[in-house]
$ cat start.cif   # mmCIF, C-alpha atoms and all ligand atoms
data_model
#
loop_
_atom_site.group_PDB
_atom_site.id
_atom_site.type_symbol
_atom_site.label_atom_id
_atom_site.label_comp_id
_atom_site.auth_asym_id
_atom_site.auth_seq_id
_atom_site.Cartn_x
_atom_site.Cartn_y
_atom_site.Cartn_z
ATOM 1 C CA MET S 1 0.000 0.000 0.000
ATOM 2 C CA SER S 2 1.324 3.414 -0.908
ATOM 3 C CA LEU S 3 -0.174 5.878 1.557
ATOM 4 C CA ARG S 4 -0.664 9.557 0.874
ATOM 5 C CA ILE S 5 -1.023 11.454 4.158
ATOM 6 C CA THR S 6 -2.004 15.130 4.052
ATOM 7 C CA THR S 7 -3.954 17.584 6.164
ATOM 8 C CA LEU S 8 -7.658 18.058 5.663
ATOM 9 C CA ALA S 9 -6.856 21.704 4.889
ATOM 10 C CA GLU S 10 -4.829 20.489 1.909
ATOM 11 C CA ARG S 11 -7.563 18.118 0.757
ATOM 12 C CA PRO S 12 -10.914 19.575 1.914
ATOM 13 C CA GLU S 13 -12.751 17.155 -0.374
ATOM 14 C CA PHE S 14 -12.298 14.561 2.417
ATOM 15 C CA ALA S 15 -14.411 16.590 4.879
ATOM 16 C CA SER S 16 -17.654 14.731 4.185
ATOM 17 C CA ALA S 17 -15.987 11.290 4.291
ATOM 18 C CA LEU S 18 -14.103 12.022 7.505
ATOM 19 C CA TRP S 19 -16.665 10.651 9.953
ATOM 20 C CA GLU S 20 -18.340 8.294 7.458
ATOM 21 C CA MET S 21 -15.325 5.962 7.224
ATOM 22 C CA ASP S 22 -16.104 2.450 8.481
ATOM 23 C CA HIS S 23 -14.401 2.160 11.884
ATOM 24 C CA SER S 24 -14.116 -0.060 14.957
ATOM 25 C CA TRP S 25 -15.059 2.439 17.702
ATOM 26 C CA ARG S 26 -17.652 1.234 20.223
ATOM 27 C CA VAL S 27 -20.880 3.276 20.309
ATOM 28 C CA PHE S 28 -20.478 4.326 23.952
ATOM 29 C CA MET S 29 -17.180 6.015 23.087
ATOM 30 C CA PHE S 30 -19.049 8.652 21.060
ATOM 31 C CA ASN S 31 -20.847 9.880 24.150
ATOM 32 C CA ASP S 32 -18.130 11.795 25.962
ATOM 33 C CA PRO S 33 -19.732 15.276 26.128
ATOM 34 C CA ILE S 34 -16.337 16.966 25.700
ATOM 35 C CA ALA S 35 -16.151 15.542 22.174
ATOM 36 C CA ASP S 36 -18.800 18.110 21.227
ATOM 37 C CA LEU S 37 -16.202 20.857 21.645
ATOM 38 C CA PHE S 38 -13.980 19.348 18.949
ATOM 39 C CA TYR S 39 -15.636 17.064 16.401
ATOM 40 C CA PRO S 40 -18.383 19.396 15.109
ATOM 41 C CA ILE S 41 -15.736 22.005 14.227
ATOM 42 C CA ALA S 42 -12.768 19.762 13.436
ATOM 43 C CA ALA S 43 -13.194 20.039 9.677
ATOM 44 C CA THR S 44 -13.664 23.815 9.713
ATOM 45 C CA ASP S 45 -11.598 25.187 12.611
ATOM 46 C CA TYR S 46 -8.955 22.476 13.010
ATOM 47 C CA ALA S 47 -8.425 21.402 9.375
ATOM 48 C CA ASP S 48 -4.670 21.979 9.769
ATOM 49 C CA TYR S 49 -4.657 19.492 12.656
ATOM 50 C CA VAL S 50 -6.590 16.685 10.973
ATOM 51 C CA LEU S 51 -4.699 14.239 8.771
ATOM 52 C CA VAL S 52 -6.337 12.106 6.115
ATOM 53 C CA ALA S 53 -4.749 9.184 4.318
ATOM 54 C CA ASP S 54 -5.640 7.409 1.127
ATOM 55 C CA ASP S 55 -3.901 4.805 -0.986
ATOM 56 C CA ASP S 56 -2.387 5.709 -4.355
ATOM 57 C CA ALA S 57 -3.997 2.549 -5.742
ATOM 58 C CA GLU S 58 -7.452 3.799 -4.726
ATOM 59 C CA PRO S 59 -7.211 7.605 -4.576
ATOM 60 C CA GLY S 60 -10.016 9.451 -2.786
ATOM 61 C CA ARG S 61 -11.047 6.515 -0.583
ATOM 62 C CA MET S 62 -10.046 7.140 3.012
ATOM 63 C CA VAL S 63 -7.724 4.634 4.651
ATOM 64 C CA ALA S 64 -7.254 6.375 7.990
ATOM 65 C CA ARG S 65 -7.611 9.686 9.804
ATOM 66 C CA ALA S 66 -5.706 11.309 12.633
ATOM 67 C CA CYS S 67 -6.748 14.274 14.771
ATOM 68 C CA MET S 68 -4.659 16.625 16.867
ATOM 69 C CA ILE S 69 -5.443 19.769 18.846
ATOM 70 C CA PRO S 70 -3.227 22.658 19.933
ATOM 71 C CA PHE S 71 -3.534 23.587 23.603
ATOM 72 C CA PRO S 72 -1.753 25.872 26.096
ATOM 73 C CA ALA S 73 1.470 24.366 27.471
ATOM 74 C CA ARG S 74 1.772 24.018 31.244
ATOM 75 C CA ASP S 75 4.944 24.130 33.266
ATOM 76 C CA ASP S 76 3.952 21.215 35.437
ATOM 77 C CA GLU S 77 2.812 17.715 34.488
ATOM 78 C CA LEU S 78 0.591 16.575 31.694
ATOM 79 C CA PRO S 79 -3.049 16.841 32.804
ATOM 80 C CA ASP S 80 -4.762 13.982 34.652
ATOM 81 C CA ASP S 81 -7.847 14.640 32.557
ATOM 82 C CA GLY S 82 -5.922 13.669 29.380
ATOM 83 C CA TRP S 83 -8.161 13.673 26.301
ATOM 84 C CA ASP S 84 -10.964 15.724 27.863
ATOM 85 C CA GLY S 85 -8.410 18.123 29.328
ATOM 86 C CA VAL S 86 -6.560 19.016 26.145
ATOM 87 C CA ILE S 87 -9.796 19.536 24.221
ATOM 88 C CA ARG S 88 -11.260 21.728 26.963
ATOM 89 C CA GLN S 89 -8.065 23.743 27.465
ATOM 90 C CA GLY S 90 -7.414 24.031 23.732
ATOM 91 C CA TRP S 91 -10.945 25.182 23.023
ATOM 92 C CA LEU S 92 -10.975 27.727 25.834
ATOM 93 C CA ALA S 93 -7.553 29.163 24.956
ATOM 94 C CA ARG S 94 -8.685 29.610 21.384
ATOM 95 C CA LYS S 95 -11.842 31.422 22.490
ATOM 96 C CA LEU S 96 -9.843 33.702 24.821
ATOM 97 C CA ASP S 97 -7.072 34.263 22.282
ATOM 98 C CA ARG S 98 -4.423 32.783 24.539
ATOM 99 C CA PRO S 99 -1.234 31.136 23.247
ATOM 100 C CA LEU S 100 -1.577 27.605 21.900
ATOM 101 C CA ASP S 101 2.001 26.449 22.265
ATOM 102 C CA ALA S 102 1.596 22.691 22.735
ATOM 103 C CA VAL S 103 -0.052 20.029 20.606
ATOM 104 C CA SER S 104 -1.768 16.781 21.527
ATOM 105 C CA ALA S 105 -2.860 13.849 19.417
ATOM 106 C CA LEU S 106 -6.533 12.947 19.925
ATOM 107 C CA GLU S 107 -7.023 9.834 17.840
ATOM 108 C CA ILE S 108 -5.916 7.713 14.963
ATOM 109 C CA THR S 109 -8.608 5.626 13.303
ATOM 110 C CA VAL S 110 -7.845 3.023 10.658
ATOM 111 C CA ARG S 111 -10.595 1.888 8.247
ATOM 112 C CA LYS S 112 -12.141 -1.286 9.626
ATOM 113 C CA ASP S 113 -11.237 -3.607 6.742
ATOM 114 C CA LEU S 114 -7.600 -2.490 7.012
ATOM 115 C CA LEU S 115 -7.139 -3.123 10.739
ATOM 116 C CA GLY S 116 -4.070 -5.193 11.476
ATOM 117 C CA SER S 117 -2.487 -4.317 8.138
ATOM 118 C CA GLY S 118 0.196 -2.047 9.542
ATOM 119 C CA VAL S 119 -1.286 1.345 8.628
ATOM 120 C CA SER S 120 -1.082 2.718 12.163
ATOM 121 C CA PRO S 121 2.724 3.249 12.387
ATOM 122 C CA ALA S 122 2.570 5.335 9.198
ATOM 123 C CA MET S 123 -0.158 7.496 10.767
ATOM 124 C CA VAL S 124 1.856 7.991 13.963
ATOM 125 C CA ALA S 125 4.878 8.965 11.845
ATOM 126 C CA GLY S 126 2.639 11.297 9.820
ATOM 127 C CA MET S 127 1.425 13.030 12.995
ATOM 128 C CA ARG S 128 4.964 13.442 14.297
ATOM 129 C CA GLU S 129 6.149 14.920 10.997
ATOM 130 C CA HIS S 130 3.200 17.266 10.741
ATOM 131 C CA ALA S 131 3.515 18.512 14.337
ATOM 132 C CA ALA S 132 7.221 19.214 13.697
ATOM 133 C CA ARG S 133 6.324 21.031 10.475
ATOM 134 C CA LEU S 134 3.921 23.224 12.450
ATOM 135 C CA GLY S 135 6.862 24.202 14.655
ATOM 136 C CA PHE S 136 6.194 22.078 17.751
ATOM 137 C CA ARG S 137 9.091 20.360 19.505
ATOM 138 C CA GLU S 138 6.926 17.780 21.218
ATOM 139 C CA LEU S 139 3.732 15.919 20.379
ATOM 140 C CA VAL S 140 1.912 14.454 23.365
ATOM 141 C CA ALA S 141 -0.770 11.787 23.117
ATOM 142 C CA PRO S 142 -3.327 10.443 25.630
ATOM 143 C CA VAL S 143 -3.118 6.944 24.201
ATOM 144 C CA ARG S 144 -5.937 4.409 24.487
ATOM 145 C CA PRO S 145 -4.081 1.070 24.738
ATOM 146 C CA ASN S 146 -5.977 -1.156 22.324
ATOM 147 C CA GLN S 147 -5.636 -4.437 24.254
ATOM 148 C CA LYS S 148 -6.426 -3.067 27.731
ATOM 149 C CA HIS S 149 -10.113 -3.947 27.298
ATOM 150 C CA LEU S 150 -9.109 -7.604 27.641
ATOM 151 C CA GLU S 151 -8.281 -7.003 31.317
ATOM 152 C CA PRO S 152 -10.530 -4.161 32.521
ATOM 153 C CA HIS S 153 -9.814 -4.734 36.235
ATOM 154 C CA THR S 154 -6.033 -4.342 35.943
ATOM 155 C CA PRO S 155 -4.969 -0.861 37.117
ATOM 156 C CA MET S 156 -3.700 1.166 34.178
ATOM 157 C CA THR S 157 -0.631 2.116 36.237
ATOM 158 C CA GLU S 158 0.389 -1.559 36.092
ATOM 159 C CA TYR S 159 -0.701 -2.243 32.513
ATOM 160 C CA ALA S 160 0.891 0.831 30.907
ATOM 161 C CA PHE S 161 4.388 -0.013 32.115
ATOM 162 C CA ARG S 162 4.224 -3.787 31.595
ATOM 163 C CA PRO S 163 7.047 -4.835 29.256
ATOM 164 C CA ARG S 164 7.217 -7.697 26.800
ATOM 165 C CA GLU S 165 10.237 -9.996 26.811
ATOM 166 C CA ASP S 166 12.021 -7.743 24.313
ATOM 167 C CA GLY S 167 11.472 -4.711 26.577
ATOM 168 C CA LEU S 168 8.813 -3.096 24.363
ATOM 169 C CA PRO S 169 5.360 -2.437 25.869
ATOM 170 C CA HIS S 170 3.024 -5.400 26.297
ATOM 171 C CA ASP S 171 0.229 -3.448 24.594
ATOM 172 C CA ALA S 172 0.302 -3.393 20.775
ATOM 173 C CA TRP S 173 -0.802 0.225 20.360
ATOM 174 C CA LEU S 174 1.610 1.521 22.998
ATOM 175 C CA ARG S 175 4.279 -0.496 21.211
ATOM 176 C CA VAL S 176 3.565 1.349 17.968
ATOM 177 C CA HIS S 177 4.016 4.686 19.755
ATOM 178 C CA VAL S 178 7.240 3.622 21.476
ATOM 179 C CA ARG S 179 8.716 2.221 18.258
ATOM 180 C CA ALA S 180 7.940 5.542 16.586
ATOM 181 C CA GLY S 181 10.043 7.315 19.232
ATOM 182 C CA GLY S 182 7.441 7.973 21.936
ATOM 183 C CA GLU S 183 8.089 7.706 25.665
ATOM 184 C CA ILE S 184 5.456 6.536 28.132
ATOM 185 C CA VAL S 185 5.196 9.290 30.733
ATOM 186 C CA LYS S 186 2.290 8.602 33.086
ATOM 187 C CA VAL S 187 -1.300 7.538 33.323
ATOM 188 C CA ALA S 188 -4.118 10.035 32.731
ATOM 189 C CA PRO S 189 -6.538 8.468 35.247
ATOM 190 C CA ARG S 190 -9.646 10.351 34.108
ATOM 191 C CA SER S 191 -8.928 10.979 30.455
ATOM 192 C CA MET S 192 -12.533 10.570 29.280
ATOM 193 C CA VAL S 193 -15.716 10.682 31.346
ATOM 194 C CA ILE S 194 -18.882 9.238 29.842
ATOM 195 C CA PRO S 195 -22.021 9.652 31.958
ATOM 196 C CA GLY S 196 -25.411 8.293 30.980
ATOM 197 C CA THR S 197 -28.790 7.260 32.287
ATOM 198 C CA LEU S 198 -29.315 3.515 32.518
ATOM 199 C CA ALA S 199 -31.560 3.690 29.438
ATOM 200 C CA GLU S 200 -28.729 5.365 27.516
ATOM 201 C CA TRP S 201 -26.149 2.793 28.624
ATOM 202 C CA ARG S 202 -28.541 -0.022 27.653
ATOM 203 C CA GLU S 203 -28.951 1.528 24.223
ATOM 204 C CA TRP S 204 -25.194 2.068 23.756
ATOM 205 C CA THR S 205 -24.162 -1.421 24.864
ATOM 206 C CA GLY S 206 -27.148 -3.791 24.734
ATOM 207 C CA LEU S 207 -26.347 -4.765 28.350
ATOM 208 C CA PRO S 208 -29.053 -4.860 31.087
ATOM 209 C CA PHE S 209 -27.503 -2.351 33.551
ATOM 210 C CA ASP S 210 -29.834 -3.753 36.220
ATOM 211 C CA ARG S 211 -27.371 -4.186 39.090
ATOM 212 C CA THR S 212 -25.566 -1.574 41.151
ATOM 213 C CA GLY S 213 -21.781 -1.888 41.001
ATOM 214 C CA PRO S 214 -19.001 -2.210 38.430
ATOM 215 C CA VAL S 215 -20.075 -3.505 35.005
ATOM 216 C CA GLU S 216 -17.711 -5.023 32.444
ATOM 217 C CA VAL S 217 -18.542 -3.484 29.076
ATOM 218 C CA PRO S 218 -16.941 -4.932 25.929
ATOM 219 C CA GLY S 219 -14.364 -2.465 24.627
ATOM 220 C CA ALA S 220 -14.131 -0.480 27.880
ATOM 221 C CA LEU S 221 -10.666 -0.213 29.443
ATOM 222 C CA SER S 222 -12.013 -0.238 33.010
ATOM 223 C CA PRO S 223 -15.393 -1.128 34.564
ATOM 224 C CA VAL S 224 -18.373 1.191 34.157
ATOM 225 C CA TYR S 225 -19.964 2.179 37.487
ATOM 226 C CA CYS S 226 -23.696 1.624 37.625
ATOM 227 C CA ASP S 227 -26.118 2.967 40.269
ATOM 228 C CA VAL S 228 -29.603 1.554 39.768
ATOM 229 C CA ALA S 229 -31.276 3.664 42.476
ATOM 230 C CA GLN S 230 -29.870 6.878 40.962
ATOM 231 C CA ASP S 231 -30.611 5.751 37.377
ATOM 232 C CA HIS S 232 -27.145 6.539 36.074
ATOM 233 C CA ALA S 233 -23.858 4.908 35.137
ATOM 234 C CA VAL S 234 -20.453 6.519 34.588
ATOM 235 C CA TYR S 235 -17.419 5.343 32.679
ATOM 236 C CA ILE S 236 -14.103 6.954 33.566
ATOM 237 C CA GLU S 237 -11.511 5.926 31.008
ATOM 238 C CA PRO S 238 -7.838 5.946 31.936
ATOM 239 C CA ASN S 239 -5.403 6.650 29.102
ATOM 240 C CA VAL S 240 -1.617 6.744 28.915
ATOM 241 C CA TRP S 241 0.341 9.917 28.234
ATOM 242 C CA VAL S 242 3.015 9.353 25.628
ATOM 243 C CA SER S 243 5.507 12.081 24.725
ATOM 244 C CA HIS S 244 7.022 12.224 21.252
ATOM 245 C CA ARG S 245 10.052 14.534 21.196
ATOM 246 C CA LEU S 246 10.438 15.981 17.705
ATOM 247 C CA SER S 247 13.603 17.080 16.036
HETATM 248 C C1 LIG S 301 -5.520 1.686 17.291
HETATM 249 C C2 LIG S 301 -5.449 1.407 15.795
HETATM 250 C C3 LIG S 301 -5.242 2.724 15.059
HETATM 251 C C4 LIG S 301 -4.248 0.460 15.543
HETATM 252 O O1 LIG S 301 -4.214 0.095 14.194
HETATM 253 P P1 LIG S 301 -4.188 -1.438 13.727
HETATM 254 O O2 LIG S 301 -4.382 -1.421 12.258
HETATM 255 O O3 LIG S 301 -5.170 -2.197 14.527
HETATM 256 O O4 LIG S 301 -2.780 -1.940 14.134
HETATM 257 P P2 LIG S 301 -1.528 -2.283 13.217
HETATM 258 O O5 LIG S 301 -1.875 -3.307 12.203
HETATM 259 O O6 LIG S 301 -0.938 -1.016 12.696
HETATM 260 O O7 LIG S 301 -0.571 -2.968 14.239
HETATM 261 C C5 LIG S 301 -0.152 -2.304 15.362
HETATM 262 C C6 LIG S 301 0.288 -3.334 16.329
HETATM 263 O O8 LIG S 301 -0.880 -4.008 16.800
HETATM 264 C C7 LIG S 301 -0.758 -5.416 16.579
HETATM 265 N N1 LIG S 301 -2.081 -5.890 16.243
HETATM 266 C C8 LIG S 301 -2.817 -5.523 15.179
HETATM 267 N N2 LIG S 301 -3.997 -6.168 15.214
HETATM 268 C C9 LIG S 301 -3.967 -6.914 16.348
HETATM 269 C C10 LIG S 301 -4.908 -7.790 16.960
HETATM 270 N N3 LIG S 301 -6.109 -8.017 16.419
HETATM 271 N N4 LIG S 301 -4.563 -8.405 18.115
HETATM 272 C C11 LIG S 301 -3.363 -8.163 18.688
HETATM 273 N N5 LIG S 301 -2.450 -7.334 18.161
HETATM 274 C C12 LIG S 301 -2.762 -6.720 17.012
HETATM 275 C C13 LIG S 301 0.219 -5.537 15.467
HETATM 276 O O9 LIG S 301 0.839 -6.799 15.480
HETATM 277 C C14 LIG S 301 1.173 -4.399 15.776
HETATM 278 O O10 LIG S 301 2.054 -4.733 16.807
HETATM 279 P P3 LIG S 301 3.542 -5.129 16.430
HETATM 280 O O11 LIG S 301 4.016 -4.026 15.518
HETATM 281 O O12 LIG S 301 4.293 -5.144 17.702
HETATM 282 O O13 LIG S 301 3.431 -6.429 15.751
HETATM 283 C C15 LIG S 301 -6.742 0.721 15.278
HETATM 284 O O14 LIG S 301 -6.921 -0.483 15.999
HETATM 285 C C16 LIG S 301 -8.023 1.537 15.395
HETATM 286 O O15 LIG S 301 -8.404 2.279 14.482
HETATM 287 N N6 LIG S 301 -8.740 1.387 16.530
HETATM 288 C C17 LIG S 301 -10.013 2.103 16.795
HETATM 289 C C18 LIG S 301 -9.769 3.510 17.166
HETATM 290 C C19 LIG S 301 -8.778 3.659 18.316
HETATM 291 O O16 LIG S 301 -8.912 3.078 19.379
HETATM 292 N N7 LIG S 301 -7.767 4.527 18.070
HETATM 293 C C20 LIG S 301 -6.728 4.793 19.043
HETATM 294 C C21 LIG S 301 -7.107 5.924 19.917
HETATM 295 S S1 LIG S 301 -5.678 6.530 20.819
#
$ encode --input "start.cif" --output "structure tokens"
Amino acid sequence: MSLRITTLAERPEFASALWEMDHSWRVFMFNDPIADLFYPIAATDYADYVLVADDDAEPGRMVARACMIPFPARDDELPDDGWDGVIRQGWLARKLDRPLDAVSALEITVRKDLLGSGVSPAMVAGMREHAARLGFRELVAPVRPNQKHLEPHTPMTEYAFRPREDGLPHDAWLRVHVRAGGEIVKVAPRSMVIPGTLAEWREWTGLPFDRTGPVEVPGALSPVYCDVAQDHAVYIEPNVWVSHRLS
């Protein structure tokens, strides 16, 4: 496959296909309210921070997308509220005309029929190159380890730093980031927060949500907390901060 990776600003014709691409995201993941501050305006206001990829053999058909957002740098640590935090801070700083001197990755999504075909390292490399081109010296990423859902009860602090025999991360998606030059920094314990009524959670997952306590939801990285008497359930997703130093 010969990938062509550009920004959406360079190829605006991809704007309509951007969210239509067949993907493997779980439905509940679309219900983080903070997403509403980014996705509806990604194609218009953040077109320089969205990458689209197609294959030379099939030009115009999306293979993958990647989204980033500029946000105000902080002197101290990367925020505990990871994905939500950079969107909220980035959005607010833009509204208040404050400096946007850091950049965070938000997602890479590979077309469903191409999963496991090795597209993702090219997208990570594409993000690194683009962030460097924009003048940033570091790209940070609140990474969603793609095999963590297999062991939702393991604390992310243990999982994120678990090595394989060759010293690379146990998790395949973290491995891609580390191979690309990323360094695992810390866990973002409340990177995404997805609240819903029990009716909403039933609709999103097809599960009964009829018992108070932790619920294992397919695709979730940690248990979802359900309270039947209060008629709500909350998912707090931990992610892993990875820092890519750029030359
Ligand atoms: C995360 C994502 C971009 C990774 O892309 P991918 O096409 O699945 O992965 P790749 O084929 O590029 O392979 C990456 C690594 O995962 C491994 N891998 C791929 N499919 C796998 C599977 N089904 N089971 C286990 N490992 C797998 C590969 O072997 C490779 O590891 P290696 O280089 O050490 O061998 C893709 O799964 C995706 O779009 N997921 C949904 C959206 C998402 O969660 N994005 C990330 C948000 S931060």
$ resolve_selection --input "start.cif" --expression "the PyMOL selection byres (((not hetatm)) within 7 of (chain S and resi 301))" --output "PyMOL selection string"
chain S and resi 23-25+106-111+114-121+142-146+172-173+175-176
$ write_last_selection --input "start.cif" --atoms "C-alpha atoms" --output "CSV table (one decimal), keeping the file's coordinate frame"
chain,number,residue,atom,x,y,z
S,23,HIS,CA,-14.4,2.2,11.9
S,24,SER,CA,-14.1,-0.1,15.0
S,25,TRP,CA,-15.1,2.4,17.7
S,106,LEU,CA,-6.5,12.9,19.9
S,107,GLU,CA,-7.0,9.8,17.8
S,108,ILE,CA,-5.9,7.7,15.0
S,109,THR,CA,-8.6,5.6,13.3
S,110,VAL,CA,-7.8,3.0,10.7
S,111,ARG,CA,-10.6,1.9,8.2
S,114,LEU,CA,-7.6,-2.5,7.0
S,115,LEU,CA,-7.1,-3.1,10.7
S,116,GLY,CA,-4.1,-5.2,11.5
S,117,SER,CA,-2.5,-4.3,8.1
S,118,GLY,CA,0.2,-2.0,9.5
S,119,VAL,CA,-1.3,1.3,8.6
S,120,SER,CA,-1.1,2.7,12.2
S,121,PRO,CA,2.7,3.2,12.4
S,142,PRO,CA,-3.3,10.4,25.6
S,143,VAL,CA,-3.1,6.9,24.2
S,144,ARG,CA,-5.9,4.4,24.5
S,145,PRO,CA,-4.1,1.1,24.7
S,146,ASN,CA,-6.0,-1.2,22.3
S,172,ALA,CA,0.3,-3.4,20.8
S,173,TRP,CA,-0.8,0.2,20.4
S,175,ARG,CA,4.3,-0.5,21.2
S,176,VAL,CA,3.6,1.3,18.0
$ residues_around --input "start.cif" --residues "S:Asp36" --least-positions-apart "3" --cutoff "12 Å" --atoms "all atoms listed in the file" --output "compact mmCIF listing (two decimals) with C-alpha atoms, in the frame of the given file"
# COMPACT_ATOMS: atom_id res chain seq x y z
CA PHE S 30 -19.05 8.65 21.06
CA ASN S 31 -20.85 9.88 24.15
CA ASP S 32 -18.13 11.80 25.96
CA PRO S 33 -19.73 15.28 26.13
CA TYR S 39 -15.64 17.06 16.40
CA PRO S 40 -18.38 19.40 15.11
CA ILE S 41 -15.74 22.00 14.23
CA ALA S 42 -12.77 19.76 13.44
CA ASP S 84 -10.96 15.72 27.86
CA ILE S 87 -9.80 19.54 24.22
CA ARG S 88 -11.26 21.73 26.96
CA TRP S 91 -10.94 25.18 23.02
$ atom_distance --input "start.cif" --atom1 "atom CA of S:Pro163" --atom2 "atom CA of S:Val217"
25.6 Å
$ resolve_selection --input "start.cif" --expression "the PyMOL selection byres (((chain S and resi 48) around 7) and not hetatm)" --output "list in words"
Thr7, Leu8, Ala9, Tyr46, Ala47, Tyr49 and Val50 of chain S
$ residues_around --input "start.cif" --residues "S:Asp55" --least-positions-apart "4" --cutoff "6 Å" --atoms "all atoms listed in the file" --output "list in words"
Ser2, Leu3 and Pro59 of chain S
$ resolve_selection --input "start.cif" --expression "the PyMOL selection byres (((chain S and resi 193) around 9) and not hetatm)" --output "PyMOL selection string"
chain S and resi 31-34+81+84+190-192+194-195+234-237
$ write_last_selection --input "start.cif" --atoms "C-alpha atoms" --output "JSON list (two decimals), in the frame of the given file"
[["chain", "number", "residue", "atom", "x", "y", "z"],
["S", 31, "ASN", "CA", -20.85, 9.88, 24.15],
["S", 32, "ASP", "CA", -18.13, 11.80, 25.96],
["S", 33, "PRO", "CA", -19.73, 15.28, 26.13],
["S", 34, "ILE", "CA", -16.34, 16.97, 25.70],
["S", 81, "ASP", "CA", -7.85, 14.64, 32.56],
["S", 84, "ASP", "CA", -10.96, 15.72, 27.86],
["S", 190, "ARG", "CA", -9.65, 10.35, 34.11],
["S", 191, "SER", "CA", -8.93, 10.98, 30.46],
["S", 192, "MET", "CA", -12.53, 10.57, 29.28],
["S", 194, "ILE", "CA", -18.88, 9.24, 29.84],
["S", 195, "PRO", "CA", -22.02, 9.65, 31.96],
["S", 234, "VAL", "CA", -20.45, 6.52, 34.59],
["S", 235, "TYR", "CA", -17.42, 5.34, 32.68],
["S", 236, "ILE", "CA", -14.10, 6.95, 33.57],
["S", 237, "GLU", "CA", -11.51, 5.93, 31.01]]
$ residues_near_point --input "start.cif" --point "(-21.3, -0.3, 37.3)" --cutoff "8 Å" --atoms "only C-alpha atoms" --output "PyMOL selection string"
chain S and resi 209+211-216+223-227+233-234
$ closest_residue --input "start.cif" --among "S:Arg94, S:Arg61, S:Arg137, S:Arg26" --to "S:Asp45" --atoms "only C-alpha atoms"
S:Arg94
$ atom_distance --input "start.cif" --atom1 "atom CA of S:Ala64" --atom2 "atom CA of S:His177"
16.4 Å
